[in-house]
$ cat entry.csv   # CSV, N, CA and C atoms
chain,number,residue,atom,x,y,z
A,30,MET,N,0.8,-1.2,0.0
A,30,MET,CA,0.0,0.0,0.0
A,30,MET,C,0.9,1.2,0.0
A,31,LEU,N,0.5,2.2,-0.8
A,31,LEU,CA,1.3,3.4,-0.9
A,31,LEU,C,0.7,4.5,0.0
A,32,VAL,N,1.5,5.1,0.8
A,32,VAL,CA,1.0,6.1,1.7
A,32,VAL,C,1.6,7.5,1.3
A,33,LEU,N,0.8,8.4,1.0
A,33,LEU,CA,1.2,9.8,0.7
A,33,LEU,C,1.0,10.7,1.9
A,34,THR,N,2.0,11.5,2.2
A,34,THR,CA,1.8,12.4,3.4
A,34,THR,C,1.9,13.8,2.8
A,35,PHE,N,1.5,14.7,3.6
A,35,PHE,CA,1.5,16.1,3.2
A,35,PHE,C,2.9,16.7,3.3
A,36,GLU,N,3.8,16.0,3.9
A,36,GLU,CA,5.2,16.5,3.9
A,36,GLU,C,5.9,16.3,2.6
A,37,ASP,N,5.4,15.3,1.7
A,37,ASP,CA,5.9,15.1,0.4
A,37,ASP,C,5.7,16.4,-0.4
A,38,ASN,N,6.7,16.7,-1.3
A,38,ASN,CA,6.5,17.8,-2.2
A,38,ASN,C,5.6,17.4,-3.3
A,39,GLU,N,5.0,18.3,-4.0
A,39,GLU,CA,4.1,18.0,-5.0
A,39,GLU,C,4.6,17.2,-6.2
A,40,ASP,N,5.8,17.4,-6.6
A,40,ASP,CA,6.4,16.6,-7.7
A,40,ASP,C,6.6,15.2,-7.3
A,41,ASP,N,7.1,14.9,-6.1
A,41,ASP,CA,7.3,13.6,-5.6
A,41,ASP,C,5.9,12.9,-5.5
A,42,MET,N,5.0,13.6,-5.0
A,42,MET,CA,3.6,13.0,-4.8
A,42,MET,C,3.1,12.6,-6.2
A,43,MET,N,3.2,13.5,-7.2
A,43,MET,CA,2.7,13.2,-8.6
A,43,MET,C,3.4,12.0,-9.2
A,44,LYS,N,4.7,11.9,-9.0
A,44,LYS,CA,5.5,10.8,-9.5
A,44,LYS,C,5.0,9.5,-8.9
A,45,ARG,N,4.8,9.5,-7.6
A,45,ARG,CA,4.3,8.3,-6.9
A,45,ARG,C,2.9,7.9,-7.4
A,46,ILE,N,2.0,8.8,-7.6
A,46,ILE,CA,0.7,8.5,-8.1
A,46,ILE,C,0.8,7.9,-9.5
A,47,LEU,N,1.5,8.6,-10.4
A,47,LEU,CA,1.7,8.1,-11.8
A,47,LEU,C,2.3,6.7,-11.8
A,48,SER,N,3.3,6.5,-11.0
A,48,SER,CA,3.9,5.2,-10.9
A,48,SER,C,2.9,4.1,-10.5
A,49,LEU,N,2.1,4.4,-9.5
A,49,LEU,CA,1.1,3.5,-9.0
A,49,LEU,C,0.1,3.2,-10.1
A,50,ILE,N,-0.4,4.2,-10.8
A,50,ILE,CA,-1.3,4.0,-11.9
A,50,ILE,C,-0.7,3.2,-13.0
A,51,ASN,N,0.5,3.5,-13.4
A,51,ASN,CA,1.1,2.7,-14.5
A,51,ASN,C,1.3,1.2,-14.1
A,52,THR,N,1.7,1.0,-12.9
A,52,THR,CA,1.9,-0.4,-12.4
A,52,THR,C,0.6,-1.2,-12.5
A,53,ARG,N,-0.5,-0.5,-12.0
A,53,ARG,CA,-1.8,-1.2,-12.0
A,53,ARG,C,-2.3,-1.5,-13.4
A,54,GLU,N,-2.0,-0.6,-14.4
A,54,GLU,CA,-2.4,-0.8,-15.8
A,54,GLU,C,-1.7,-1.9,-16.4
A,55,GLU,N,-0.4,-2.1,-16.1
A,55,GLU,CA,0.4,-3.2,-16.6
A,55,GLU,C,-0.1,-4.5,-16.0
A,56,VAL,N,-0.5,-4.6,-14.8
A,56,VAL,CA,-1.0,-5.8,-14.2
A,56,VAL,C,-2.3,-6.2,-14.8
A,57,ILE,N,-3.2,-5.2,-15.0
A,57,ILE,CA,-4.5,-5.4,-15.6
A,57,ILE,C,-4.3,-5.9,-17.0
A,58,GLN,N,-3.4,-5.3,-17.8
A,58,GLN,CA,-3.2,-5.8,-19.2
A,58,GLN,C,-2.6,-7.2,-19.2
A,59,MET,N,-1.7,-7.5,-18.3
A,59,MET,CA,-1.0,-8.8,-18.3
A,59,MET,C,-2.0,-9.9,-17.9
A,60,SER,N,-3.0,-9.6,-17.0
A,60,SER,CA,-3.9,-10.6,-16.6
A,60,SER,C,-4.8,-11.1,-17.7
A,61,GLY,N,-5.1,-10.3,-18.7
A,61,GLY,CA,-6.0,-10.7,-19.8
A,61,GLY,C,-5.2,-11.0,-21.1
A,62,MET,N,-3.9,-11.1,-21.0
A,62,MET,CA,-3.0,-11.2,-22.1
A,62,MET,C,-3.3,-12.4,-23.0
A,63,ASN,N,-3.5,-13.6,-22.4
A,63,ASN,CA,-3.7,-14.8,-23.2
A,63,ASN,C,-5.1,-15.3,-23.3
A,64,GLU,N,-6.1,-14.5,-22.9
A,64,GLU,CA,-7.4,-15.0,-23.0
A,64,GLU,C,-7.9,-15.3,-24.4
A,65,HIS,N,-7.3,-14.7,-25.4
A,65,HIS,CA,-7.7,-14.9,-26.8
A,65,HIS,C,-7.0,-16.1,-27.4
A,66,LEU,N,-6.1,-16.8,-26.6
A,66,LEU,CA,-5.4,-18.0,-27.2
A,66,LEU,C,-6.1,-19.3,-26.7
A,67,LEU,N,-6.4,-20.1,-27.6
A,67,LEU,CA,-6.9,-21.4,-27.3
A,67,LEU,C,-5.9,-22.5,-27.6
A,68,ASN,N,-5.4,-23.2,-26.6
A,68,ASN,CA,-4.3,-24.1,-26.7
A,68,ASN,C,-4.8,-25.6,-26.5
A,69,PHE,N,-4.3,-26.4,-27.5
A,69,PHE,CA,-4.6,-27.8,-27.5
A,69,PHE,C,-3.3,-28.5,-27.8
A,70,LYS,N,-3.3,-29.8,-27.6
A,70,LYS,CA,-2.0,-30.6,-27.9
A,70,LYS,C,-1.7,-30.4,-29.4
A,71,GLY,N,-0.6,-29.8,-29.7
A,71,GLY,CA,-0.2,-29.6,-31.1
A,71,GLY,C,-0.9,-28.5,-31.9
A,72,LEU,N,-1.8,-27.8,-31.3
A,72,LEU,CA,-2.6,-26.8,-32.0
A,72,LEU,C,-2.9,-25.6,-31.1
A,73,MET,N,-2.6,-24.4,-31.7
A,73,MET,CA,-2.9,-23.2,-31.0
A,73,MET,C,-3.7,-22.3,-31.9
A,74,ILE,N,-4.8,-21.7,-31.3
A,74,ILE,CA,-5.7,-20.8,-32.1
A,74,ILE,C,-5.6,-19.4,-31.4
A,75,ASP,N,-5.2,-18.4,-32.2
A,75,ASP,CA,-5.2,-17.0,-31.7
A,75,ASP,C,-6.5,-16.3,-32.3
A,76,GLU,N,-7.4,-16.1,-31.5
A,76,GLU,CA,-8.7,-15.5,-31.9
A,76,GLU,C,-8.5,-14.1,-32.4
A,77,VAL,N,-7.6,-13.3,-31.8
A,77,VAL,CA,-7.5,-11.9,-32.2
A,77,VAL,C,-6.7,-11.8,-33.5
A,78,GLN,N,-5.6,-12.5,-33.7
A,78,GLN,CA,-4.8,-12.4,-34.9
A,78,GLN,C,-5.4,-13.3,-36.0
A,79,ARG,N,-6.3,-14.2,-35.6
A,79,ARG,CA,-6.9,-15.2,-36.5
A,79,ARG,C,-5.9,-16.1,-37.1
A,80,VAL,N,-5.0,-16.6,-36.3
A,80,VAL,CA,-3.9,-17.5,-36.7
A,80,VAL,C,-4.1,-18.8,-36.1
A,81,ILE,N,-3.8,-19.9,-36.9
A,81,ILE,CA,-3.8,-21.2,-36.4
A,81,ILE,C,-2.3,-21.7,-36.5
A,82,ILE,N,-1.8,-22.3,-35.4
A,82,ILE,CA,-0.5,-22.9,-35.4
A,82,ILE,C,-0.6,-24.4,-35.1
A,83,ARG,N,-0.1,-25.2,-36.0
A,83,ARG,CA,-0.1,-26.6,-35.9
A,83,ARG,C,1.3,-27.1,-36.0
A,84,GLU,N,1.8,-27.7,-34.9
A,84,GLU,CA,3.2,-28.2,-34.8
A,84,GLU,C,4.2,-27.2,-35.3
A,85,ASN,N,4.0,-25.9,-34.8
A,85,ASN,CA,4.9,-24.8,-35.1
A,85,ASN,C,4.8,-24.3,-36.5
A,86,GLN,N,3.8,-24.6,-37.3
A,86,GLN,CA,3.6,-24.1,-38.6
A,86,GLN,C,2.2,-23.4,-38.7
A,87,GLU,N,2.2,-22.3,-39.3
A,87,GLU,CA,0.9,-21.6,-39.5
A,87,GLU,C,0.1,-22.2,-40.5
A,88,ILE,N,-1.2,-22.4,-40.2
A,88,ILE,CA,-2.1,-23.0,-41.1
A,88,ILE,C,-3.1,-22.0,-41.7
A,89,GLU,N,-3.3,-22.0,-43.0
A,89,GLU,CA,-4.2,-21.0,-43.6
A,89,GLU,C,-5.6,-21.6,-43.6
A,90,LEU,N,-6.5,-20.8,-43.1
A,90,LEU,CA,-7.9,-21.2,-43.1
A,90,LEU,C,-8.7,-20.0,-43.7
A,91,THR,N,-9.8,-20.3,-44.4
A,91,THR,CA,-10.7,-19.3,-44.9
A,91,THR,C,-11.4,-18.7,-43.7
A,92,TYR,N,-12.1,-17.6,-43.9
A,92,TYR,CA,-12.9,-17.0,-42.8
A,92,TYR,C,-13.9,-17.9,-42.2
A,93,THR,N,-14.6,-18.6,-43.0
A,93,THR,CA,-15.6,-19.6,-42.6
A,93,THR,C,-15.0,-20.8,-41.9
A,94,GLU,N,-13.9,-21.3,-42.4
A,94,GLU,CA,-13.3,-22.4,-41.7
A,94,GLU,C,-12.8,-22.0,-40.4
A,95,PHE,N,-12.2,-20.8,-40.3
A,95,PHE,CA,-11.7,-20.3,-39.0
A,95,PHE,C,-12.9,-20.2,-38.0
A,96,GLU,N,-14.0,-19.7,-38.4
A,96,GLU,CA,-15.1,-19.5,-37.5
A,96,GLU,C,-15.7,-20.8,-37.0
A,97,ILE,N,-15.7,-21.8,-37.9
A,97,ILE,CA,-16.2,-23.1,-37.5
A,97,ILE,C,-15.2,-23.8,-36.5
A,98,LEU,N,-13.9,-23.7,-36.8
A,98,LEU,CA,-12.9,-24.3,-35.9
A,98,LEU,C,-13.0,-23.5,-34.5
A,99,LYS,N,-13.1,-22.2,-34.5
A,99,LYS,CA,-13.2,-21.4,-33.3
A,99,LYS,C,-14.4,-21.9,-32.5
A,100,LEU,N,-15.5,-22.0,-33.1
A,100,LEU,CA,-16.7,-22.5,-32.5
A,100,LEU,C,-16.5,-23.8,-31.7
A,101,PHE,N,-15.9,-24.8,-32.4
A,101,PHE,CA,-15.6,-26.1,-31.8
A,101,PHE,C,-14.6,-25.9,-30.6
A,102,ALA,N,-13.5,-25.2,-30.9
A,102,ALA,CA,-12.4,-25.1,-29.9
A,102,ALA,C,-12.9,-24.3,-28.6
A,103,LYS,N,-13.8,-23.4,-28.8
A,103,LYS,CA,-14.2,-22.7,-27.6
A,103,LYS,C,-15.2,-23.5,-26.7
A,104,HIS,N,-15.7,-24.6,-27.3
A,104,HIS,CA,-16.7,-25.5,-26.6
A,104,HIS,C,-16.2,-26.9,-26.8
A,105,PRO,N,-15.1,-27.3,-26.3
A,105,PRO,CA,-14.6,-28.7,-26.5
A,105,PRO,C,-15.6,-29.7,-25.8
A,106,GLY,N,-15.9,-30.8,-26.5
A,106,GLY,CA,-16.7,-31.8,-26.0
A,106,GLY,C,-18.2,-31.6,-26.3
A,107,ILE,N,-18.6,-30.4,-26.7
A,107,ILE,CA,-20.0,-30.0,-26.9
A,107,ILE,C,-20.3,-30.4,-28.4
A,108,VAL,N,-21.4,-31.2,-28.6
A,108,VAL,CA,-21.7,-31.6,-29.9
A,108,VAL,C,-22.6,-30.6,-30.6
A,109,PHE,N,-22.3,-30.2,-31.8
A,109,PHE,CA,-23.0,-29.2,-32.6
A,109,PHE,C,-23.6,-29.9,-33.8
A,110,SER,N,-24.9,-29.8,-34.1
A,110,SER,CA,-25.4,-30.3,-35.3
A,110,SER,C,-25.0,-29.4,-36.5
A,111,LYS,N,-25.2,-30.0,-37.7
A,111,LYS,CA,-24.9,-29.2,-38.9
A,111,LYS,C,-25.8,-27.9,-38.9
A,112,GLU,N,-27.0,-28.0,-38.5
A,112,GLU,CA,-27.9,-26.9,-38.5
A,112,GLU,C,-27.4,-25.8,-37.5
A,113,GLN,N,-27.0,-26.3,-36.3
A,113,GLN,CA,-26.5,-25.3,-35.3
A,113,GLN,C,-25.3,-24.6,-35.8
A,114,ILE,N,-24.4,-25.4,-36.4
A,114,ILE,CA,-23.1,-24.8,-36.9
A,114,ILE,C,-23.5,-23.7,-38.0
A,115,TYR,N,-24.4,-24.0,-38.9
A,115,TYR,CA,-24.7,-23.1,-39.9
A,115,TYR,C,-25.4,-21.8,-39.3
A,116,ASP,N,-26.3,-22.0,-38.4
A,116,ASP,CA,-27.0,-20.9,-37.8
A,116,ASP,C,-26.0,-20.0,-37.0
A,117,ILE,N,-25.0,-20.6,-36.3
A,117,ILE,CA,-24.1,-19.8,-35.6
A,117,ILE,C,-23.0,-19.1,-36.4
A,118,VAL,N,-22.4,-19.8,-37.4
A,118,VAL,CA,-21.3,-19.3,-38.2
A,118,VAL,C,-21.9,-18.3,-39.2
A,119,TRP,N,-22.9,-18.7,-39.9
A,119,TRP,CA,-23.5,-17.9,-41.0
A,119,TRP,C,-24.4,-16.8,-40.4
A,120,LYS,N,-24.8,-16.9,-39.2
A,120,LYS,CA,-25.7,-16.0,-38.5
A,120,LYS,C,-27.0,-15.8,-39.2
A,121,GLU,N,-27.5,-16.9,-39.7
A,121,GLU,CA,-28.8,-16.9,-40.2
A,121,GLU,C,-29.3,-18.4,-40.3
A,122,SER,N,-30.7,-18.5,-40.3
A,122,SER,CA,-31.2,-19.9,-40.4
A,122,SER,C,-31.2,-20.3,-41.9
A,123,TYR,N,-31.0,-21.6,-42.0
A,123,TYR,CA,-30.9,-22.1,-43.4
A,123,TYR,C,-31.8,-23.4,-43.4
A,124,SER,N,-32.6,-23.5,-44.4
A,124,SER,CA,-33.5,-24.6,-44.5
A,124,SER,C,-33.2,-25.5,-45.7
A,125,GLY,N,-32.0,-25.3,-46.3
A,125,GLY,CA,-31.7,-26.1,-47.5
A,125,GLY,C,-30.7,-27.3,-47.1
A,126,ASP,N,-29.7,-27.4,-48.0
A,126,ASP,CA,-28.8,-28.5,-47.9
A,126,ASP,C,-27.6,-28.1,-47.0
A,127,TYR,N,-27.3,-28.9,-46.0
A,127,TYR,CA,-26.2,-28.6,-45.0
A,127,TYR,C,-24.9,-29.2,-45.5
A,128,ASN,N,-24.8,-29.7,-46.7
A,128,ASN,CA,-23.5,-30.2,-47.2
A,128,ASN,C,-22.4,-29.2,-47.2
A,129,ILE,N,-22.8,-27.9,-47.2
A,129,ILE,CA,-21.7,-26.9,-47.2
A,129,ILE,C,-21.0,-26.9,-45.9
A,130,VAL,N,-21.7,-27.2,-44.8
A,130,VAL,CA,-21.0,-27.4,-43.5
A,130,VAL,C,-20.1,-28.6,-43.5
A,131,MET,N,-20.5,-29.7,-44.0
A,131,MET,CA,-19.7,-30.9,-44.1
A,131,MET,C,-18.5,-30.6,-45.0
A,132,SER,N,-18.7,-29.9,-46.0
A,132,SER,CA,-17.5,-29.6,-46.9
A,132,SER,C,-16.5,-28.7,-46.2
A,133,HIS,N,-16.9,-27.7,-45.4
A,133,HIS,CA,-16.0,-26.9,-44.7
A,133,HIS,C,-15.2,-27.7,-43.6
A,134,ILE,N,-15.9,-28.6,-42.9
A,134,ILE,CA,-15.3,-29.4,-41.9
A,134,ILE,C,-14.3,-30.4,-42.6
A,135,ARG,N,-14.6,-30.9,-43.7
A,135,ARG,CA,-13.7,-31.8,-44.4
A,135,ARG,C,-12.4,-31.0,-44.8
A,136,ASN,N,-12.6,-29.7,-45.2
A,136,ASN,CA,-11.4,-28.9,-45.6
A,136,ASN,C,-10.6,-28.6,-44.3
A,137,ILE,N,-11.2,-28.3,-43.2
A,137,ILE,CA,-10.5,-28.0,-42.0
A,137,ILE,C,-9.7,-29.2,-41.6
A,138,ARG,N,-10.3,-30.4,-41.6
A,138,ARG,CA,-9.6,-31.6,-41.2
A,138,ARG,C,-8.4,-31.9,-42.1
A,139,GLU,N,-8.5,-31.6,-43.4
A,139,GLU,CA,-7.4,-31.8,-44.3
A,139,GLU,C,-6.2,-30.9,-44.0
A,140,LYS,N,-6.5,-29.7,-43.4
A,140,LYS,CA,-5.5,-28.7,-43.0
A,140,LYS,C,-4.9,-29.0,-41.7
A,141,ILE,N,-5.7,-29.5,-40.7
A,141,ILE,CA,-5.1,-29.5,-39.3
A,141,ILE,C,-4.9,-30.9,-38.8
A,142,GLU,N,-5.4,-31.9,-39.4
A,142,GLU,CA,-5.3,-33.3,-38.9
A,142,GLU,C,-4.1,-34.0,-39.6
A,143,ASP,N,-3.5,-34.9,-38.8
A,143,ASP,CA,-2.4,-35.7,-39.4
A,143,ASP,C,-3.0,-36.7,-40.4
A,144,ASN,N,-4.2,-37.3,-40.0
A,144,ASN,CA,-4.9,-38.2,-40.9
A,144,ASN,C,-6.3,-37.8,-40.9
A,145,PRO,N,-6.7,-37.1,-41.9
A,145,PRO,CA,-8.1,-36.5,-42.0
A,145,PRO,C,-9.2,-37.6,-42.0
A,146,SER,N,-8.9,-38.8,-42.4
A,146,SER,CA,-9.9,-39.9,-42.4
A,146,SER,C,-10.0,-40.5,-41.0
A,147,LYS,N,-9.1,-40.2,-40.1
A,147,LYS,CA,-9.2,-40.6,-38.7
A,147,LYS,C,-8.9,-39.4,-37.8
A,148,PRO,N,-9.8,-38.4,-37.8
A,148,PRO,CA,-9.5,-37.1,-37.2
A,148,PRO,C,-9.4,-37.2,-35.6
A,149,SER,N,-8.5,-36.5,-35.1
A,149,SER,CA,-8.3,-36.4,-33.6
A,149,SER,C,-8.9,-35.1,-33.0
A,150,TYR,N,-8.9,-34.0,-33.8
A,150,TYR,CA,-9.4,-32.8,-33.3
A,150,TYR,C,-10.9,-32.7,-33.4
A,151,ILE,N,-11.4,-32.7,-34.7
A,151,ILE,CA,-12.8,-32.6,-34.9
A,151,ILE,C,-13.4,-34.0,-35.1
A,152,GLN,N,-14.2,-34.4,-34.2
A,152,GLN,CA,-14.8,-35.7,-34.2
A,152,GLN,C,-16.2,-35.7,-34.7
A,153,THR,N,-16.6,-36.8,-35.4
A,153,THR,CA,-18.0,-36.9,-35.8
A,153,THR,C,-18.7,-37.7,-34.8
A,154,VAL,N,-19.9,-37.2,-34.4
A,154,VAL,CA,-20.8,-38.0,-33.5
A,154,VAL,C,-21.9,-38.4,-34.5
A,155,TRP,N,-21.9,-39.7,-34.9
A,155,TRP,CA,-22.8,-40.2,-35.9
A,155,TRP,C,-24.2,-39.9,-35.6
A,156,GLY,N,-24.9,-39.4,-36.6
A,156,GLY,CA,-26.4,-39.1,-36.5
A,156,GLY,C,-26.7,-37.9,-35.7
A,157,VAL,N,-25.6,-37.2,-35.1
A,157,VAL,CA,-25.9,-36.0,-34.3
A,157,VAL,C,-25.2,-34.8,-34.9
A,158,GLY,N,-23.9,-34.9,-35.0
A,158,GLY,CA,-23.1,-33.7,-35.5
A,158,GLY,C,-21.6,-33.9,-35.3
A,159,TYR,N,-21.0,-32.8,-34.8
A,159,TYR,CA,-19.5,-32.7,-34.7
A,159,TYR,C,-19.2,-32.1,-33.3
A,160,ARG,N,-18.0,-32.5,-32.8
A,160,ARG,CA,-17.5,-31.8,-31.6
A,160,ARG,C,-15.9,-31.8,-31.7
A,161,PHE,N,-15.4,-30.9,-30.8
A,161,PHE,CA,-13.9,-30.8,-30.7
A,161,PHE,C,-13.5,-31.7,-29.6
A,162,ASN,N,-12.4,-32.5,-29.8
A,162,ASN,CA,-12.0,-33.5,-28.8
A,162,ASN,C,-11.5,-32.8,-27.5
A,163,LYS,N,-12.3,-33.0,-26.4
A,163,LYS,CA,-12.0,-32.3,-25.2
A,163,LYS,C,-10.7,-32.9,-24.5
A,164,ASN,N,-10.3,-34.1,-24.9
A,164,ASN,CA,-9.1,-34.7,-24.4
A,164,ASN,C,-7.8,-34.1,-24.9
A,165,LEU,N,-7.9,-33.1,-25.8
A,165,LEU,CA,-6.7,-32.5,-26.3
A,165,LEU,C,-6.4,-31.1,-25.7
A,166,ILE,N,-7.2,-30.7,-24.7
A,166,ILE,CA,-7.0,-29.5,-24.1
A,166,ILE,C,-5.6,-29.5,-23.4
A,167,ALA,N,-4.8,-28.5,-23.7
A,167,ALA,CA,-3.4,-28.4,-23.2
A,167,ALA,C,-3.4,-27.8,-21.8
$ encode --input "entry.csv" --output "structure tokens"
Amino acid sequence: MLVLTFEDNEDDMMKRILSLINTREEVIQMSGMNEHLLNFKGLMIDEVQRVIIRENQEIELTYTEFEILKLFAKHPGIVFSKEQIYDIVWKESYSGDYNIVMSHIRNIREKIEDNPSKPSYIQTVWGVGYRFNKNLIA
């Protein structure tokens, strides 16, 4: 705790106040520094910079692919139907063919999985939808 007394001169008192304010701002900034990073075994997602790092290499994703992957990664273990994915990512209801969602998920798997036919990150829950593997949380 900082104590200021009236015996301090004005300049010293201002320096102490400014020092205290600066220190508190740094602590506040540092406390929220990594909240935008989603870390998993072998995979890091930076929500702010929209960057995917897989085994120390940057992976290029389209806007929609990134949004789908971010949705899964922010909710590991939660199953999303194709309809829910479309509604959330495209921000509108869709009553047609959801193959577009499946196509984007296939593209994401090809880019981030070691073996896209046996995915470890994005799992299929047959007859229900897709989920991010909660066992890969770092």
$ residues_around --input "entry.csv" --residues "region 81-90 of chain A" --least-positions-apart "6" --cutoff "6.5 Å" --atoms "all atoms listed in the file" --output "PyMOL selection string"
chain A and resi 71-75
$ write_last_selection --input "entry.csv" --atoms "N, CA and C atoms" --output "PDB file, keeping the file's coordinate frame"
ATOM      1  N   GLY A  71      -0.600 -29.800 -29.700  1.00  0.00           N
ATOM      2  CA  GLY A  71      -0.200 -29.600 -31.100  1.00  0.00           C
ATOM      3  C   GLY A  71      -0.900 -28.500 -31.900  1.00  0.00           C
ATOM      4  N   LEU A  72      -1.800 -27.800 -31.300  1.00  0.00           N
ATOM      5  CA  LEU A  72      -2.600 -26.800 -32.000  1.00  0.00           C
ATOM      6  C   LEU A  72      -2.900 -25.600 -31.100  1.00  0.00           C
ATOM      7  N   MET A  73      -2.600 -24.400 -31.700  1.00  0.00           N
ATOM      8  CA  MET A  73      -2.900 -23.200 -31.000  1.00  0.00           C
ATOM      9  C   MET A  73      -3.700 -22.300 -31.900  1.00  0.00           C
ATOM     10  N   ILE A  74      -4.800 -21.700 -31.300  1.00  0.00           N
ATOM     11  CA  ILE A  74      -5.700 -20.800 -32.100  1.00  0.00           C
ATOM     12  C   ILE A  74      -5.600 -19.400 -31.400  1.00  0.00           C
ATOM     13  N   ASP A  75      -5.200 -18.400 -32.200  1.00  0.00           N
ATOM     14  CA  ASP A  75      -5.200 -17.000 -31.700  1.00  0.00           C
ATOM     15  C   ASP A  75      -6.500 -16.300 -32.300  1.00  0.00           C
TER      16      ASP A  75
END
$ atom_distance --input "entry.csv" --atom1 "CA of Gln113 (chain A)" --atom2 "CA of Ile137 (chain A)"
17.6 Å
$ residues_around --input "entry.csv" --residues "region 156-162 of chain A" --least-positions-apart "5" --cutoff "6.5 Å" --atoms "all atoms listed in the file" --output "ChimeraX atom specification"
/A:101-102,104-111,149-151
$ atom_distance --input "entry.csv" --atom1 "CA of Ile141 (chain A)" --atom2 "CA of Leu98 (chain A)"
10.0 Å
$ atom_distance --input "entry.csv" --atom1 "CA of His65 (chain A)" --atom2 "CA of Asn136 (chain A)"
23.7 Å
